[in-house]
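Have a look at query_10.pdb below; it lists PDB, C-alpha atoms (C1' of nucleotides) and all ligand atoms.
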```
ATOM      1  CA  MET A   1     -20.937 117.175 150.310
ATOM      2  CA  ASN A   2     -22.142 114.485 152.706
ATOM      3  CA  ILE A   3     -23.744 111.183 151.814
ATOM      4  CA  GLU A   4     -27.240 112.452 152.505
ATOM      5  CA  GLY A   5     -26.715 115.382 150.170
ATOM      6  CA  ILE A   6     -25.529 113.085 147.386
ATOM      7  CA  LYS A   7     -28.396 110.676 148.018
ATOM      8  CA  ASN A   8     -30.836 113.544 147.674
ATOM      9  CA  ILE A   9     -29.443 114.653 144.342
ATOM     10  CA  ILE A  10     -29.409 111.137 142.920
ATOM     11  CA  THR A  11     -32.926 110.249 144.056
ATOM     12  CA  LYS A  12     -34.267 113.627 142.934
ATOM     13  CA  GLY A  13     -32.906 112.705 139.516
ATOM     14  CA  GLY A  14     -35.286 109.719 139.634
ATOM     15  CA  LEU A  15     -32.464 107.248 140.119
ATOM     16  CA  LYS A  16     -31.991 104.467 142.586
ATOM     17  CA  PHE A  17     -29.291 105.225 145.133
ATOM     18  CA  THR A  18     -26.439 102.719 144.972
ATOM     19  CA  HIS A  19     -22.929 102.635 146.305
ATOM     20  CA  GLN A  20     -21.360 102.996 142.852
ATOM     21  CA  ARG A  21     -23.558 105.965 142.010
ATOM     22  CA  MET A  22     -22.653 107.547 145.321
ATOM     23  CA  VAL A  23     -18.891 107.355 144.835
ATOM     24  CA  ILE A  24     -19.082 108.392 141.183
ATOM     25  CA  TYR A  25     -21.243 111.402 141.921
ATOM     26  CA  ASN A  26     -18.978 112.305 144.802
ATOM     27  CA  ALA A  27     -15.913 112.197 142.542
ATOM     28  CA  ILE A  28     -17.567 114.601 140.098
ATOM     29  CA  ALA A  29     -18.706 116.934 142.859
ATOM     30  CA  GLU A  30     -15.236 117.065 144.388
ATOM     31  CA  ALA A  31     -13.341 117.412 141.104
ATOM     32  CA  LYS A  32     -12.003 120.866 140.428
ATOM     33  CA  ASN A  33     -11.091 120.179 136.842
ATOM     34  CA  HIS A  34     -13.428 118.536 134.352
ATOM     35  CA  PRO A  35     -12.651 114.865 134.672
ATOM     36  CA  THR A  36     -12.912 112.206 132.016
ATOM     37  CA  ALA A  37     -14.543 108.842 132.800
ATOM     38  CA  GLU A  38     -11.050 107.418 133.123
ATOM     39  CA  HIS A  39     -10.112 110.125 135.640
ATOM     40  CA  VAL A  40     -13.148 109.292 137.741
ATOM     41  CA  PHE A  41     -12.289 105.601 137.552
ATOM     42  CA  GLU A  42      -8.690 106.214 138.669
ATOM     43  CA  GLN A  43      -9.941 108.434 141.460
ATOM     44  CA  ILE A  44     -12.318 105.918 142.990
ATOM     45  CA  LYS A  45     -10.863 102.500 142.248
ATOM     46  CA  SER A  46      -8.457 102.268 145.164
ATOM     47  CA  ASP A  47     -11.384 102.521 147.580
ATOM     48  CA  ASN A  48     -13.655 100.490 145.300
ATOM     49  CA  PRO A  49     -11.495  97.807 143.726
ATOM     50  CA  SER A  50     -14.372  95.867 142.212
ATOM     51  CA  ILE A  51     -15.873  98.787 140.301
ATOM     52  CA  SER A  52     -15.778  98.499 136.547
ATOM     53  CA  LEU A  53     -14.802 101.178 134.029
ATOM     54  CA  GLY A  54     -17.918 100.330 132.046
ATOM     55  CA  THR A  55     -20.029 101.119 135.091
ATOM     56  CA  VAL A  56     -18.344 104.511 135.375
ATOM     57  CA  TYR A  57     -19.179 105.311 131.763
ATOM     58  CA  LYS A  58     -22.726 104.025 132.127
ATOM     59  CA  THR A  59     -23.350 105.817 135.395
ATOM     60  CA  LEU A  60     -21.989 109.144 134.176
ATOM     61  CA  ASP A  61     -24.224 108.884 131.145
ATOM     62  CA  THR A  62     -27.185 108.045 133.378
ATOM     63  CA  PHE A  63     -26.424 111.155 135.444
ATOM     64  CA  VAL A  64     -26.322 113.305 132.315
ATOM     65  CA  THR A  65     -29.664 111.923 131.115
ATOM     66  CA  ALA A  66     -31.130 112.507 134.553
ATOM     67  CA  GLY A  67     -29.881 116.076 134.352
ATOM     68  CA  ILE A  68     -27.777 116.023 137.515
ATOM     69  CA  ILE A  69     -24.433 116.546 135.739
ATOM     70  CA  GLN A  70     -23.353 117.936 132.370
ATOM     71  CA  LYS A  71     -20.988 116.609 129.751
ATOM     72  CA  PHE A  72     -19.102 118.077 126.841
ATOM     73  CA  VAL A  73     -16.345 117.086 124.441
ATOM     74  CA  ASP A  74     -12.937 118.701 124.842
ATOM     75  CA  ASN A  75     -10.760 119.768 121.941
ATOM     76  CA  LYS A  76      -9.028 116.390 121.877
ATOM     77  CA  GLY A  77     -12.388 114.689 121.352
ATOM     78  CA  VAL A  78     -12.558 113.247 124.859
ATOM     79  CA  MET A  79     -15.708 113.422 126.986
ATOM     80  CA  ARG A  80     -15.529 115.643 130.050
ATOM     81  CA  PHE A  81     -17.986 115.729 132.927
ATOM     82  CA  ASP A  82     -19.042 118.719 134.948
ATOM     83  CA  GLY A  83     -20.980 118.861 138.206
ATOM     84  CA  ILE A  84     -21.893 122.495 137.656
ATOM     85  CA  LEU A  85     -25.318 122.725 136.054
ATOM     86  CA  GLU A  86     -25.578 126.459 135.452
ATOM     87  CA  ALA A  87     -24.408 127.760 132.092
ATOM     88  CA  HIS A  88     -20.804 128.865 132.159
ATOM     89  CA  SER A  89     -17.815 129.114 129.858
ATOM     90  CA  HIS A  90     -14.563 127.220 129.749
ATOM     91  CA  LEU A  91     -10.965 128.231 129.516
ATOM     92  CA  TYR A  92      -8.832 125.759 127.590
ATOM     93  CA  CYS A  93      -5.143 125.933 128.383
ATOM     94  CA  LYS A  94      -3.123 125.003 125.308
ATOM     95  CA  LYS A  95      -0.082 124.252 127.457
ATOM     96  CA  THR A  96      -1.490 122.030 130.190
ATOM     97  CA  ASN A  97      -4.761 120.920 128.535
ATOM     98  CA  GLU A  98      -6.545 121.924 131.728
ATOM     99  CA  ILE A  99     -10.076 123.229 131.449
ATOM    100  CA  SER A 100     -11.204 125.767 134.020
ATOM    101  CA  ASP A 101     -14.502 127.491 134.567
ATOM    102  CA  TYR A 102     -15.234 131.054 133.680
ATOM    103  CA  LYS A 103     -18.451 132.613 134.853
ATOM    104  CA  ASN A 104     -19.325 136.227 134.305
ATOM    105  CA  ALA A 105     -22.866 137.538 134.628
ATOM    106  CA  GLU A 106     -22.123 140.698 132.651
ATOM    107  CA  LEU A 107     -20.879 138.679 129.702
ATOM    108  CA  GLU A 108     -23.921 136.437 129.766
ATOM    109  CA  ALA A 109     -26.228 139.444 129.891
ATOM    110  CA  LEU A 110     -24.343 140.959 126.980
ATOM    111  CA  LEU A 111     -24.772 137.833 124.866
ATOM    112  CA  THR A 112     -28.417 137.360 125.761
ATOM    113  CA  LYS A 113     -29.128 140.953 124.805
ATOM    114  CA  PHE A 114     -27.204 140.628 121.557
ATOM    115  CA  PHE A 115     -29.001 137.491 120.409
ATOM    116  CA  ASP A 116     -32.354 138.905 121.480
ATOM    117  CA  LYS A 117     -31.837 141.753 119.070
ATOM    118  CA  ASN A 118     -29.979 139.828 116.380
ATOM    119  CA  GLN A 119     -31.915 136.664 115.835
ATOM    120  CA  ILE A 120     -30.228 134.186 113.527
ATOM    121  CA  GLU A 121     -32.508 133.419 110.615
ATOM    122  CA  ASP A 122     -33.924 129.898 110.432
ATOM    123  CA  PHE A 123     -32.216 128.929 113.662
ATOM    124  CA  ASP A 124     -33.691 128.517 117.128
ATOM    125  CA  ILE A 125     -30.979 128.952 119.764
ATOM    126  CA  ASP A 126     -31.005 126.613 122.754
ATOM    127  CA  GLU A 127     -27.708 127.428 124.384
ATOM    128  CA  ILE A 128     -24.693 129.607 123.845
ATOM    129  CA  SER A 129     -21.286 128.917 125.297
ATOM    130  CA  ILE A 130     -17.973 130.570 124.870
ATOM    131  CA  VAL A 131     -14.790 128.661 124.309
ATOM    132  CA  ILE A 132     -11.705 130.571 125.324
ATOM    133  CA  LYS A 133      -8.370 129.107 124.291
ATOM    134  CA  GLY A 134      -5.083 130.388 125.567
ATOM    135  CA  GLN A 135      -2.417 129.918 128.192
ATOM    136  CA  LYS A 136      -2.441 129.791 131.923
ATOM    137  CA  LEU A 137       0.215 132.130 133.264
TER     138      LEU A 137
ATOM    139  CA  MET B 138     -11.453 127.510  92.485
ATOM    140  CA  ASN B 139      -9.310 126.407  89.543
ATOM    141  CA  ILE B 140      -6.300 124.115  89.666
ATOM    142  CA  GLU B 141      -3.833 126.987  89.549
ATOM    143  CA  GLY B 142      -5.512 128.655  92.530
ATOM    144  CA  ILE B 143      -5.306 125.441  94.539
ATOM    145  CA  LYS B 144      -1.710 124.883  93.504
ATOM    146  CA  ASN B 145      -0.857 128.371  94.708
ATOM    147  CA  ILE B 146      -2.380 127.810  98.123
ATOM    148  CA  ILE B 147      -0.673 124.457  98.589
ATOM    149  CA  THR B 148       2.753 125.617  97.504
ATOM    150  CA  LYS B 149       2.450 128.826  99.508
ATOM    151  CA  GLY B 150       1.915 126.544 102.488
ATOM    152  CA  GLY B 151       5.368 125.140 101.767
ATOM    153  CA  LEU B 152       4.017 121.849 100.473
ATOM    154  CA  LYS B 153       4.724 119.906  97.335
ATOM    155  CA  PHE B 154       1.811 119.936  94.929
ATOM    156  CA  THR B 155       0.447 116.452  94.263
ATOM    157  CA  HIS B 156      -2.724 115.077  92.758
ATOM    158  CA  GLN B 157      -4.022 113.782  96.087
ATOM    159  CA  ARG B 158      -3.405 117.124  97.777
ATOM    160  CA  MET B 159      -5.157 118.883  94.942
ATOM    161  CA  VAL B 160      -8.365 116.846  95.121
ATOM    162  CA  ILE B 161      -8.420 116.894  98.942
ATOM    163  CA  TYR B 162      -7.956 120.643  99.134
ATOM    164  CA  ASN B 163     -10.573 121.092  96.450
ATOM    165  CA  ALA B 164     -13.081 118.994  98.416
ATOM    166  CA  ILE B 165     -12.572 121.180 101.492
ATOM    167  CA  ALA B 166     -12.824 124.390  99.511
ATOM    168  CA  GLU B 167     -16.056 123.270  97.847
ATOM    169  CA  ALA B 168     -17.680 121.852 100.981
ATOM    170  CA  LYS B 169     -20.433 123.975 102.427
ATOM    171  CA  ASN B 170     -20.678 122.071 105.678
ATOM    172  CA  HIS B 171     -17.673 121.126 107.788
ATOM    173  CA  PRO B 172     -16.664 117.733 106.487
ATOM    174  CA  THR B 173     -15.000 114.938 108.394
ATOM    175  CA  ALA B 174     -12.064 113.051 106.873
ATOM    176  CA  GLU B 175     -14.521 110.294 105.984
ATOM    177  CA  HIS B 176     -16.767 112.805 104.196
ATOM    178  CA  VAL B 177     -13.855 114.046 102.129
ATOM    179  CA  PHE B 178     -12.900 110.465 101.308
ATOM    180  CA  GLU B 179     -16.443 109.612 100.172
ATOM    181  CA  GLN B 180     -16.557 112.776  98.132
ATOM    182  CA  ILE B 181     -13.405 112.133  96.134
ATOM    183  CA  LYS B 182     -13.064 108.374  95.899
ATOM    184  CA  SER B 183     -15.302 107.807  92.878
ATOM    185  CA  ASP B 184     -12.996 109.985  90.784
ATOM    186  CA  ASN B 185      -9.882 108.747  92.584
ATOM    187  CA  PRO B 186     -10.443 105.043  93.278
ATOM    188  CA  SER B 187      -6.899 104.349  94.429
ATOM    189  CA  ILE B 188      -6.791 107.044  97.103
ATOM    190  CA  SER B 189      -6.487 105.801 100.657
ATOM    191  CA  LEU B 190      -8.404 106.983 103.710
ATOM    192  CA  GLY B 191      -5.122 107.186 105.600
ATOM    193  CA  THR B 192      -3.821 109.607 103.002
ATOM    194  CA  VAL B 193      -6.896 111.779 103.480
ATOM    195  CA  TYR B 194      -6.260 111.922 107.246
ATOM    196  CA  LYS B 195      -2.558 112.567 106.781
ATOM    197  CA  THR B 196      -3.056 115.211 104.121
ATOM    198  CA  LEU B 197      -5.724 117.092 106.064
ATOM    199  CA  ASP B 198      -3.430 117.134 109.057
ATOM    200  CA  THR B 199      -0.569 118.363 106.878
ATOM    201  CA  PHE B 200      -2.810 121.178 105.630
ATOM    202  CA  VAL B 201      -3.695 122.162 109.197
ATOM    203  CA  THR B 202      -0.027 122.241 110.200
ATOM    204  CA  ALA B 203       0.764 124.308 107.129
ATOM    205  CA  GLY B 204      -1.977 126.720 108.155
ATOM    206  CA  ILE B 205      -4.035 126.478 104.981
ATOM    207  CA  ILE B 206      -7.125 124.913 106.612
ATOM    208  CA  GLN B 207      -8.493 124.739 110.164
ATOM    209  CA  LYS B 208      -9.774 121.847 112.214
ATOM    210  CA  PHE B 209     -11.936 121.470 115.283
ATOM    211  CA  VAL B 210     -13.735 118.733 117.168
ATOM    212  CA  ASP B 211     -17.522 118.601 116.974
ATOM    213  CA  ASN B 212     -19.753 117.737 119.905
ATOM    214  CA  LYS B 213     -19.677 114.047 118.988
ATOM    215  CA  GLY B 214     -15.897 114.059 119.292
ATOM    216  CA  VAL B 215     -15.307 113.825 115.547
ATOM    217  CA  MET B 216     -12.778 115.994 113.749
ATOM    218  CA  ARG B 217     -14.157 118.562 111.344
ATOM    219  CA  PHE B 218     -12.224 120.516 108.746
ATOM    220  CA  ASP B 219     -12.837 124.041 107.617
ATOM    221  CA  GLY B 220     -11.420 125.895 104.627
ATOM    222  CA  ILE B 221     -12.287 129.256 106.164
ATOM    223  CA  LEU B 222      -9.285 130.643 107.995
ATOM    224  CA  GLU B 223     -10.788 133.767 109.551
ATOM    225  CA  ALA B 224     -12.222 133.450 113.047
ATOM    226  CA  HIS B 225     -15.936 132.718 113.047
ATOM    227  CA  SER B 226     -18.536 130.941 115.120
ATOM    228  CA  HIS B 227     -20.482 127.766 114.532
ATOM    229  CA  LEU B 228     -24.114 126.820 114.768
ATOM    230  CA  TYR B 229     -24.671 123.229 115.840
ATOM    231  CA  CYS B 230     -28.026 121.785 114.878
ATOM    232  CA  LYS B 231     -29.133 119.237 117.451
ATOM    233  CA  LYS B 232     -31.564 117.701 114.958
ATOM    234  CA  THR B 233     -29.458 117.225 111.869
ATOM    235  CA  ASN B 234     -25.943 117.457 113.405
ATOM    236  CA  GLU B 235     -25.082 119.988 110.704
ATOM    237  CA  ILE B 236     -22.621 122.711 111.574
ATOM    238  CA  SER B 237     -23.016 126.034 109.821
ATOM    239  CA  ASP B 238     -20.976 129.184 109.962
ATOM    240  CA  TYR B 239     -22.007 132.302 111.791
ATOM    241  CA  LYS B 240     -20.048 135.462 111.293
ATOM    242  CA  ASN B 241     -21.063 138.772 112.807
ATOM    243  CA  ALA B 242     -18.679 141.708 113.065
ATOM    244  CA  GLU B 243     -20.757 143.460 115.721
ATOM    245  CA  LEU B 244     -20.629 140.406 117.968
ATOM    246  CA  GLU B 245     -16.882 140.070 117.539
ATOM    247  CA  ALA B 246     -16.383 143.732 118.358
ATOM    248  CA  LEU B 247     -18.571 143.309 121.422
ATOM    249  CA  LEU B 248     -16.503 140.379 122.682
ATOM    250  CA  THR B 249     -13.174 142.019 121.955
ATOM    251  CA  LYS B 250     -14.275 145.086 123.859
ATOM    252  CA  PHE B 251     -15.546 143.023 126.764
ATOM    253  CA  PHE B 252     -12.353 141.012 127.180
ATOM    254  CA  ASP B 253     -10.236 144.117 126.768
ATOM    255  CA  LYS B 254     -11.918 145.591 129.805
ATOM    256  CA  ASN B 255     -12.367 142.372 131.746
ATOM    257  CA  GLN B 256      -9.083 140.528 131.576
ATOM    258  CA  ILE B 257      -9.141 137.049 133.038
ATOM    259  CA  GLU B 258      -6.596 136.759 135.794
ATOM    260  CA  ASP B 259      -3.666 134.446 135.183
ATOM    261  CA  PHE B 260      -4.878 133.655 131.677
ATOM    262  CA  ASP B 261      -3.625 134.915 128.330
ATOM    263  CA  ILE B 262      -6.371 134.641 125.719
ATOM    264  CA  ASP B 263      -5.409 133.459 122.235
ATOM    265  CA  GLU B 264      -8.792 132.952 120.636
ATOM    266  CA  ILE B 265     -12.438 133.173 121.516
ATOM    267  CA  SER B 266     -15.153 131.304 119.714
ATOM    268  CA  ILE B 267     -18.825 130.982 120.320
ATOM    269  CA  VAL B 268     -20.624 127.680 120.161
ATOM    270  CA  ILE B 269     -24.318 128.054 119.462
ATOM    271  CA  LYS B 270     -26.454 124.951 119.852
ATOM    272  CA  GLY B 271     -30.039 124.735 118.734
ATOM    273  CA  GLN B 272     -32.301 123.724 115.909
ATOM    274  CA  LYS B 273     -32.496 124.602 112.272
ATOM    275  CA  LEU B 274     -36.052 125.601 111.439
TER     276      LEU B 274
ATOM    277  C1'  DT C 275      19.768 110.332  80.432
ATOM    278  C1'  DT C 276      20.421 107.450  84.313
ATOM    279  C1'  DT C 277      20.800 107.069  89.091
ATOM    280  C1'  DC C 278      19.727 108.211  93.578
ATOM    281  C1'  DC C 279      17.053 110.051  97.056
ATOM    282  C1'  DC C 280      13.346 111.183  99.796
ATOM    283  C1'  DA C 281       8.927 112.866 100.531
ATOM    284  C1'  DC C 282       4.396 110.913  99.366
ATOM    285  C1'  DT C 283       1.205 107.297  99.239
ATOM    286  C1'  DA C 284      -1.533 102.782  99.968
ATOM    287  C1'  DA C 285      -2.734  99.196 102.813
ATOM    288  C1'  DG C 286      -3.726  97.526 106.776
ATOM    289  C1'  DA C 287      -2.466  96.864 111.745
ATOM    290  C1'  DA C 288      -2.676  99.123 116.165
ATOM    291  C1'  DT C 289      -4.599 102.300 119.432
ATOM    292  C1'  DG C 290      -7.714 104.684 122.569
ATOM    293  C1'  DA C 291     -12.102 106.117 123.963
ATOM    294  C1'  DT C 292     -16.563 104.624 124.190
ATOM    295  C1'  DT C 293     -20.442 101.510 123.678
ATOM    296  C1'  DC C 294     -22.524  97.040 123.655
ATOM    297  C1'  DT C 295     -23.575  92.295 125.166
ATOM    298  C1'  DC C 296     -24.538  89.263 128.399
ATOM    299  C1'  DA C 297     -24.315  86.745 132.615
ATOM    300  C1'  DT C 298     -24.869  87.646 137.434
ATOM    301  C1'  DC C 299     -26.570  90.203 141.371
ATOM    302  C1'  DA C 300     -29.455  92.768 144.537
ATOM    303  C1'  DA C 301     -33.048  95.310 146.047
ATOM    304  C1'  DA C 302     -38.115  95.921 146.074
ATOM    305  C1'  DG C 303     -42.435  94.357 145.515
ATOM    306  C1'  DA C 304     -46.068  90.690 145.041
TER     307       DA C 304
ATOM    308  C1'  DT D 305     -40.419  83.275 149.707
ATOM    309  C1'  DC D 306     -40.657  83.954 144.704
ATOM    310  C1'  DT D 307     -40.517  87.160 141.008
ATOM    311  C1'  DT D 308     -39.303  90.989 138.574
ATOM    312  C1'  DT D 309     -36.436  94.568 137.113
ATOM    313  C1'  DG D 310     -32.801  97.381 137.074
ATOM    314  C1'  DA D 311     -27.731  97.695 138.266
ATOM    315  C1'  DT D 312     -23.221  95.914 137.830
ATOM    316  C1'  DG D 313     -18.770  93.615 136.138
ATOM    317  C1'  DA D 314     -16.245  91.613 132.567
ATOM    318  C1'  DG D 315     -14.858  91.716 128.369
ATOM    319  C1'  DA D 316     -15.909  91.933 123.337
ATOM    320  C1'  DA D 317     -17.020  95.079 119.702
ATOM    321  C1'  DT D 318     -17.050  99.521 117.455
ATOM    322  C1'  DC D 319     -15.407 103.729 115.496
ATOM    323  C1'  DA D 320     -12.403 107.424 114.496
ATOM    324  C1'  DT D 321      -7.802 108.164 114.225
ATOM    325  C1'  DT D 322      -2.833 107.176 114.195
ATOM    326  C1'  DC D 323       1.000 104.329 113.185
ATOM    327  C1'  DT D 324       3.936 101.123 110.573
ATOM    328  C1'  DT D 325       5.826  99.543 106.686
ATOM    329  C1'  DA D 326       6.709  98.739 102.097
ATOM    330  C1'  DG D 327       6.395 100.521  97.566
ATOM    331  C1'  DT D 328       6.320 104.698  94.018
ATOM    332  C1'  DG D 329       7.570 108.457  91.498
ATOM    333  C1'  DG D 330       9.339 112.925  90.456
ATOM    334  C1'  DG D 331      12.917 115.740  90.716
ATOM    335  C1'  DA D 332      18.096 116.900  92.162
ATOM    336  C1'  DA D 333      22.603 115.302  91.106
ATOM    337  C1'  DA D 334      25.933 113.034  88.456
TER     338       DA D 334
HETATM  339 MN    MN A 401     -16.815 125.869 106.485
HETATM  340 MN    MN A 402     -12.739 108.990 119.735
HETATM  341 ZN    ZN A 403     -17.301 123.709 133.965
HETATM  342 ZN    ZN A 404     -16.622 127.262 109.920
END
```
What would you get if you wrote out this structure as structure tokens?
Ligand SMILES: [Mn+2]
Ligand SMILES: [Mn+2]
Ligand SMILES: [Zn+2]
Ligand SMILES: [Zn+2]
Amino acid sequence: MNIEGIKNIITKGGLKFTHQRMVIYNAIAEAKNHPTAEHVFEQIKSDNPSISLGTVYKTLDTFVTAGIIQKFVDNKGVMRFDGILEAHSHLYCKKTNEISDYKNAELEALLTKFFDKNQIEDFDIDEISIVIKGQKL
Amino acid sequence: MNIEGIKNIITKGGLKFTHQRMVIYNAIAEAKNHPTAEHVFEQIKSDNPSISLGTVYKTLDTFVTAGIIQKFVDNKGVMRFDGILEAHSHLYCKKTNEISDYKNAELEALLTKFFDKNQIEDFDIDEISIVIKGQKL
DNA sequence: TTTCCCACTAAGAATGATTCTCATCAAAGA
DNA sequence: TCTTTGATGAGAATCATTCTTAGTGGGAAA
């Protein structure tokens, strides 16, 4: 994604466009895995030596609140960030600790249909996600 | 569960039966929610004033390794313990942060069938769990 | 029974991820 | 230009969890 594209996303989120926000958003958009704040910091600090880890945490959180990225906690208890906004599932590799995306429209339709029919009593569902644990081959 | 029942479970796990292990296992077995180590500690310390929080952490971890309880990380990144060993799903309440169990044989059959047909390439699935977020009414 | 051993425990220090505080800075507006 | 307000950098503080270390105690072994 080019700078203009990133600027658009950030300003559409109601946020001021700054250099730090640009490089942090760019790191998330480029990441194939689901980086931690530390990962993002390591990724960008050689080109931005004065950036602070606290700013990375704060900015990522600002992005989440603005709704332009997502976050979740991995099974080690560490926060992961995700530039993909659509609902999707995650594959956790027990060997490498990598988290990859899994998106399947049929599966989502199946689940939606199931929970339409089988409402859970006294519980209003906001979102459903599937956690798949196993091994990359 | 009575003391003998607890003793059986602990020794079947290959562990020596001690007073601390007894009260900690009992707290997990009695808990309706999915307690943290801190919860367990609060629960038992009035009757066991000399017990240490470190022992609670260590013992819970020992139980998990022995396969007599389960653990998982909640969406705040905090470890939760669960005396139920069978696979089941969890309902996360965004309001109260409570986690309740959800078990539905039809849903499990549906998922098993789906992933039998639709294998994920280069990935060997060990376990599938559903995370349902929403609000208790 | 006495001794010896070793897993178990208590206490608190250390760690790692995250959040908070606060001083400084920079852009935007008055 | 002056003012305001939000953004940033630096590092302290927090919180859950793990680690270290020094007792303890209950059985095997003598
Ligand atoms: Mn439970
Ligand atoms: Mn943590
Ligand atoms: Zn993802
Ligand atoms: Zn459960």
### Message
Under the rule that only C-alpha atoms and all ligand atoms are counted, which of B:Asn234, B:Asn241, B:Asn255, B:Ser226 is the nearest residue to ligand ZN 404 (chain A)?
### Response
B:Ser226
### Message
Can you work out which residues are within 10 Å of ligand ZN 404 (chain A), considering all atoms listed in the file, and then hand them over as number ranges by chain?
### Response
B: 169-171, 207-209, 217-228, 236-240
Could those residues be written to a file, using C-alpha atoms, as a PDB file, keeping the file's coordinate frame?
```
ATOM      1  CA  LYS B 169     -20.433 123.975 102.427  1.00  0.00           C
ATOM      2  CA  ASN B 170     -20.678 122.071 105.678  1.00  0.00           C
ATOM      3  CA  HIS B 171     -17.673 121.126 107.788  1.00  0.00           C
ATOM      4  CA  GLN B 207      -8.493 124.739 110.164  1.00  0.00           C
ATOM      5  CA  LYS B 208      -9.774 121.847 112.214  1.00  0.00           C
ATOM      6  CA  PHE B 209     -11.936 121.470 115.283  1.00  0.00           C
ATOM      7  CA  ARG B 217     -14.157 118.562 111.344  1.00  0.00           C
ATOM      8  CA  PHE B 218     -12.224 120.516 108.746  1.00  0.00           C
ATOM      9  CA  ASP B 219     -12.837 124.041 107.617  1.00  0.00           C
ATOM     10  CA  GLY B 220     -11.420 125.895 104.627  1.00  0.00           C
ATOM     11  CA  ILE B 221     -12.287 129.256 106.164  1.00  0.00           C
ATOM     12  CA  LEU B 222      -9.285 130.643 107.995  1.00  0.00           C
ATOM     13  CA  GLU B 223     -10.788 133.767 109.551  1.00  0.00           C
ATOM     14  CA  ALA B 224     -12.222 133.450 113.047  1.00  0.00           C
ATOM     15  CA  HIS B 225     -15.936 132.718 113.047  1.00  0.00           C
ATOM     16  CA  SER B 226     -18.536 130.941 115.120  1.00  0.00           C
ATOM     17  CA  HIS B 227     -20.482 127.766 114.532  1.00  0.00           C
ATOM     18  CA  LEU B 228     -24.114 126.820 114.768  1.00  0.00           C
ATOM     19  CA  ILE B 236     -22.621 122.711 111.574  1.00  0.00           C
ATOM     20  CA  SER B 237     -23.016 126.034 109.821  1.00  0.00           C
ATOM     21  CA  ASP B 238     -20.976 129.184 109.962  1.00  0.00           C
ATOM     22  CA  TYR B 239     -22.007 132.302 111.791  1.00  0.00           C
ATOM     23  CA  LYS B 240     -20.048 135.462 111.293  1.00  0.00           C
TER      24      LYS B 240
END
```
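Checking B:Gln180, B:Asn145, B:Ser189, B:Asn163 one by one against chain C, counting all atoms listed in the file, you find the shortest gap at B:Ser189.
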### Task
Using the chain letters and numbers from the file, give me the residues hit by the PyMOL selection byres ((chain C) within 9 of (chain B)), as a list in words.
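With the shown file as input, the PyMOL selection byres ((chain C) within 9 of (chain B)) matches DA281, DC282, DT283, DA284 and DA285 of chain C.
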### Hits of the PyMOL selection byres ((chain D) within 12 of (chain A and not hetatm)) in this structure, as an MDAnalysis selection string
chainID D and resid 310:315 320:321
### Query
What residues in chain A have any atom no more than 9 Å from chain B when counting all atoms listed in the file, and can you write them as a count of residues only?
33
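A straight line drawn from CA of Lys12 (chain A) to CA of Ala66 (chain A) is 9.0 Å long.
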### Separation of CA of Glu42 (chain A) from CA of Gly13 (chain A), in Å and rounded to one decimal
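Between these atoms lies a distance of 25.1 Å.
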### Task
State, in Å with one decimal place, the distance from CA of Glu30 (chain A) to CA of Ile69 (chain A).
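Going from CA of Glu30 (chain A) over to CA of Ile69 (chain A) covers 12.6 Å.
Nearest to ligand MN 402 (chain A) of all the residues D:DA333, D:DA317, D:DT322, D:DT305 is D:DT322, based on only C-alpha atoms (C1' of nucleotides) and all ligand atoms.
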Write out as CSV a residue-level contact list of chain C versus ligand MN 402 (chain A) with cut-off 10 Å: for each qualifying residue the closest pair of atoms and the distance in Å to one decimal, counting only C-alpha atoms (C1' of nucleotides) and all ligand atoms, rows sorted by chain and residue number upward.
```
residue,atom,partner,partner_atom,distance
C:DG290,C1',A:MN402,MN,7.2
C:DA291,C1',A:MN402,MN,5.2
C:DT292,C1',A:MN402,MN,7.3
```
### Message
Translate the PyMOL selection byres (((chain C and resi 295) around 9) and not hetatm) into a concrete residue list for this structure, as a VMD selection string.
### Response
(chain C and resid 294 296) or (chain D and resid 316 to 317)
Centre and edge lengths, as AutoDock Vina command-line options, for the axis-aligned box enclosing every listed atom of region 185-196 of chain B with 3 Å of padding on each of the six sides, in Å to one decimal?
```
--center_x -6.5 --center_y 109.8 --center_z 99.9 --size_x 13.9 --size_y 16.9 --size_z 20.7
```
